[in-house]
Amino acid sequence: MKFFSYDSKLSQFLCKAVDCVFVCLLWLICLLPVLTVGAATTAALYTMDKSIVREEGHIWKTYWKAFGREFKQATALWGIVFILVAVILFDCSYTYQAVLAGVKPDPWLTYGLAIVAAVFLFWAQYWFPYLAKFQDSVKTILKNTLYIALM
């Protein structure tokens with residue numbers, strides 16, 4: 001009957017899987033207002049690390065504590081992401097409309113846009129995990145994650 005005990009590998013795995021689902025549900029609920037995407041993502045990453053991986057603290061309390069603590073910085077970072085993605089999408093749409101109208105776009109601009117978009121996306125994917133792990137200013141987060149992305 002060790003297979004069904006609380007200390008078995010199966011029970012521990014199932015408990016962590018349910019905890020992950022709970023964190024994902026909290027994350028999805030907090031994503032509904034688009035303004036809070038950054039704070040929700042940072043809180044989810046922090047909670048996964050602290051409550052599930054390290055097994056310290058309760059999920060509900062840890063999530064909301066991290067959400068409130070990192071709200072300002074995560075929202076500022078999310079604003080940067082939102083604006084830059086909007087600019088990139090506008091440029092892509094403008095280029096696409098030019099192609100449909102029969103205007104051949106300059107290949108250097110097209111390749112330049114693709115390179116800038118790729119570098120930005122490689123860079124921005126590190127912002128929220130970095131914020132969940134370290135307490136730094138937005139400027140320091142941007143600088144350090146750029147180094148990480150370029151490595």
# chains A, B, ... in the order shown; residues from 1 in each chain; ligands from 1
$ residues_around --residues "Ile80 (chain A)" --least-positions-apart "2" --cutoff "12 Å" --atoms "only C-alpha atoms" --output "ChimeraX atom specification"
/A:35,38,73-78,82-87,120-121,123-124,127,138-139,142
$ write_last_selection --atoms "N, CA, C and O atoms" --output "tab-separated table (two decimals), in the first residue's frame"
chain	number	residue	atom	x	y	z
A	35	LEU	N	-4.17	45.02	-18.80
A	35	LEU	CA	-3.18	45.83	-18.10
A	35	LEU	C	-2.33	44.99	-17.14
A	35	LEU	O	-1.17	45.31	-16.89
A	38	GLY	N	1.62	41.54	-17.25
A	38	GLY	CA	2.98	41.47	-16.72
A	38	GLY	C	3.01	41.06	-15.26
A	38	GLY	O	3.79	40.20	-14.85
A	73	GLN	N	6.47	47.49	-11.45
A	73	GLN	CA	7.53	47.19	-12.41
A	73	GLN	C	7.03	46.29	-13.53
A	73	GLN	O	7.38	46.50	-14.70
A	74	ALA	N	6.24	45.29	-13.20
A	74	ALA	CA	5.74	44.37	-14.23
A	74	ALA	C	4.81	45.10	-15.19
A	74	ALA	O	4.83	44.83	-16.40
A	75	THR	N	4.02	46.03	-14.69
A	75	THR	CA	3.12	46.79	-15.56
A	75	THR	C	3.92	47.72	-16.47
A	75	THR	O	3.58	47.89	-17.65
A	76	ALA	N	4.99	48.31	-15.94
A	76	ALA	CA	5.85	49.15	-16.78
A	76	ALA	C	6.50	48.32	-17.89
A	76	ALA	O	6.52	48.74	-19.06
A	77	LEU	N	7.00	47.15	-17.53
A	77	LEU	CA	7.61	46.27	-18.55
A	77	LEU	C	6.56	45.81	-19.56
A	77	LEU	O	6.84	45.74	-20.76
A	78	TRP	N	5.36	45.47	-19.08
A	78	TRP	CA	4.30	45.04	-19.99
A	78	TRP	C	3.90	46.19	-20.93
A	78	TRP	O	3.61	45.97	-22.10
A	82	PHE	N	3.91	45.88	-24.88
A	82	PHE	CA	2.68	46.16	-25.62
A	82	PHE	C	2.91	47.20	-26.71
A	82	PHE	O	2.50	47.02	-27.86
A	83	ILE	N	3.58	48.28	-26.36
A	83	ILE	CA	3.83	49.36	-27.34
A	83	ILE	C	4.75	48.87	-28.45
A	83	ILE	O	4.46	49.10	-29.64
A	84	LEU	N	5.84	48.19	-28.12
A	84	LEU	CA	6.77	47.75	-29.15
A	84	LEU	C	6.17	46.67	-30.05
A	84	LEU	O	6.40	46.67	-31.27
A	85	VAL	N	5.39	45.77	-29.48
A	85	VAL	CA	4.72	44.77	-30.32
A	85	VAL	C	3.70	45.44	-31.23
A	85	VAL	O	3.57	45.06	-32.40
A	86	ALA	N	3.00	46.46	-30.73
A	86	ALA	CA	2.05	47.19	-31.56
A	86	ALA	C	2.76	47.88	-32.72
A	86	ALA	O	2.27	47.86	-33.86
A	87	VAL	N	3.91	48.48	-32.45
A	87	VAL	CA	4.69	49.13	-33.52
A	87	VAL	C	5.17	48.11	-34.55
A	87	VAL	O	5.07	48.33	-35.77
A	120	PHE	N	14.08	41.87	-30.34
A	120	PHE	CA	13.19	42.33	-29.28
A	120	PHE	C	12.47	41.17	-28.61
A	120	PHE	O	12.37	41.11	-27.39
A	121	LEU	N	11.97	40.24	-29.40
A	121	LEU	CA	11.25	39.10	-28.81
A	121	LEU	C	12.18	38.20	-28.01
A	121	LEU	O	11.79	37.68	-26.95
A	123	TRP	N	14.73	39.25	-26.44
A	123	TRP	CA	15.06	40.05	-25.27
A	123	TRP	C	13.89	40.07	-24.28
A	123	TRP	O	14.07	39.82	-23.08
A	124	ALA	N	12.69	40.34	-24.78
A	124	ALA	CA	11.53	40.53	-23.90
A	124	ALA	C	11.10	39.25	-23.19
A	124	ALA	O	10.49	39.33	-22.12
A	127	TRP	N	12.29	39.25	-19.48
A	127	TRP	CA	11.96	40.32	-18.55
A	127	TRP	C	11.20	39.83	-17.32
A	127	TRP	O	11.57	40.12	-16.19
A	138	VAL	N	13.71	48.84	-13.26
A	138	VAL	CA	13.35	48.50	-14.64
A	138	VAL	C	14.56	48.68	-15.55
A	138	VAL	O	14.80	47.85	-16.43
A	139	LYS	N	15.32	49.75	-15.33
A	139	LYS	CA	16.52	50.00	-16.15
A	139	LYS	C	17.53	48.85	-16.02
A	139	LYS	O	18.07	48.37	-17.02
A	142	LEU	N	16.18	45.71	-17.82
A	142	LEU	CA	16.35	45.81	-19.27
A	142	LEU	C	17.81	45.57	-19.67
A	142	LEU	O	18.09	44.86	-20.64
$ residues_around --residues "Ile148 (chain A)" --least-positions-apart "4" --cutoff "9 Å" --atoms "only C-alpha atoms" --output "MDAnalysis selection string"
chainID A and resid 123 126 143:144
$ residues_around --residues "region 51-63 of chain A" --least-positions-apart "5" --cutoff "12 Å" --atoms "only C-alpha atoms" --output "ChimeraX atom specification"
/A:12-27,30,39-46,68-71,132
$ write_last_selection --atoms "C-alpha atoms" --output "PDB file, in the first residue's frame"
ATOM      1  CA  GLN A  12       3.793  13.947  -4.708  1.00  0.00           C
ATOM      2  CA  PHE A  13       3.587  14.260  -8.492  1.00  0.00           C
ATOM      3  CA  LEU A  14      -0.213  14.567  -8.455  1.00  0.00           C
ATOM      4  CA  CYS A  15      -0.109  17.201  -5.699  1.00  0.00           C
ATOM      5  CA  LYS A  16       2.389  19.284  -7.676  1.00  0.00           C
ATOM      6  CA  ALA A  17       0.344  18.865 -10.864  1.00  0.00           C
ATOM      7  CA  VAL A  18      -2.791  20.139  -9.089  1.00  0.00           C
ATOM      8  CA  ASP A  19      -0.789  23.054  -7.650  1.00  0.00           C
ATOM      9  CA  CYS A  20       0.413  23.924 -11.170  1.00  0.00           C
ATOM     10  CA  VAL A  21      -3.162  23.879 -12.442  1.00  0.00           C
ATOM     11  CA  PHE A  22      -4.215  26.163  -9.582  1.00  0.00           C
ATOM     12  CA  VAL A  23      -1.429  28.648 -10.380  1.00  0.00           C
ATOM     13  CA  CYS A  24      -2.425  28.546 -14.064  1.00  0.00           C
ATOM     14  CA  LEU A  25      -6.039  29.300 -13.155  1.00  0.00           C
ATOM     15  CA  LEU A  26      -4.953  32.269 -11.035  1.00  0.00           C
ATOM     16  CA  TRP A  27      -2.791  33.451 -13.925  1.00  0.00           C
ATOM     17  CA  CYS A  30      -5.504  37.864 -13.734  1.00  0.00           C
ATOM     18  CA  ALA A  39       2.113  41.329 -13.033  1.00  0.00           C
ATOM     19  CA  ALA A  40       0.166  38.084 -13.479  1.00  0.00           C
ATOM     20  CA  THR A  41       3.022  36.444 -15.364  1.00  0.00           C
ATOM     21  CA  THR A  42       5.611  37.572 -12.824  1.00  0.00           C
ATOM     22  CA  ALA A  43       3.463  36.380  -9.915  1.00  0.00           C
ATOM     23  CA  ALA A  44       2.872  33.011 -11.590  1.00  0.00           C
ATOM     24  CA  LEU A  45       6.589  32.498 -12.212  1.00  0.00           C
ATOM     25  CA  TYR A  46       7.456  33.523  -8.654  1.00  0.00           C
ATOM     26  CA  GLY A  68       1.068  43.205  -5.398  1.00  0.00           C
ATOM     27  CA  ARG A  69       4.804  43.558  -4.825  1.00  0.00           C
ATOM     28  CA  GLU A  70       5.787  43.439  -8.502  1.00  0.00           C
ATOM     29  CA  PHE A  71       2.746  45.226  -9.956  1.00  0.00           C
ATOM     30  CA  ALA A 132      10.255  37.156 -10.603  1.00  0.00           C
TER      31      ALA A 132
END
$ residues_around --residues "Ala149 (chain A)" --least-positions-apart "2" --cutoff "7 Å" --atoms "only C-alpha atoms" --output "PyMOL selection string"
chain A and resi 122-123+145-147+151
$ write_last_selection --atoms "N, CA and C atoms" --output "short mmCIF file (atom, residue, chain, number, x, y, z; two decimals), in the first residue's frame"
data_model
loop_
_atom_site.label_atom_id
_atom_site.label_comp_id
_atom_site.auth_asym_id
_atom_site.auth_seq_id
_atom_site.Cartn_x
_atom_site.Cartn_y
_atom_site.Cartn_z
N PHE A 122 13.41 37.99 -28.49
CA PHE A 122 14.39 37.22 -27.71
C PHE A 122 14.70 37.93 -26.39
N TRP A 123 14.73 39.25 -26.44
CA TRP A 123 15.06 40.05 -25.27
C TRP A 123 13.89 40.07 -24.28
N THR A 145 18.85 41.73 -18.86
CA THR A 145 18.19 40.77 -19.75
C THR A 145 18.66 40.93 -21.19
N LEU A 146 19.09 42.13 -21.58
CA LEU A 146 19.68 42.28 -22.91
C LEU A 146 20.98 41.50 -22.99
N TYR A 147 21.79 41.55 -21.93
CA TYR A 147 23.02 40.75 -21.90
C TYR A 147 22.70 39.26 -22.00
N MET A 151 23.64 36.67 -25.20
CA MET A 151 24.53 35.53 -24.97
C MET A 151 23.99 34.33 -25.71
#
$ atom_distance --atom1 "CA of Leu131 (chain A)" --atom2 "CA of Leu28 (chain A)"
19.2 Å
$ select_by_dssp --residues "region 28-144 of chain A" --states "alpha helix (DSSP H)" --output "VMD selection string"
chain A and resid 28 to 31 37 to 47 59 to 69 71 to 100 107 to 124 127 to 133 138 to 144
$ closest_residue --among "A:Tyr130, A:Ser5, A:Thr140, A:Asp91" --to "Gly112 (chain A)" --atoms "only C-alpha atoms"
A:Asp91
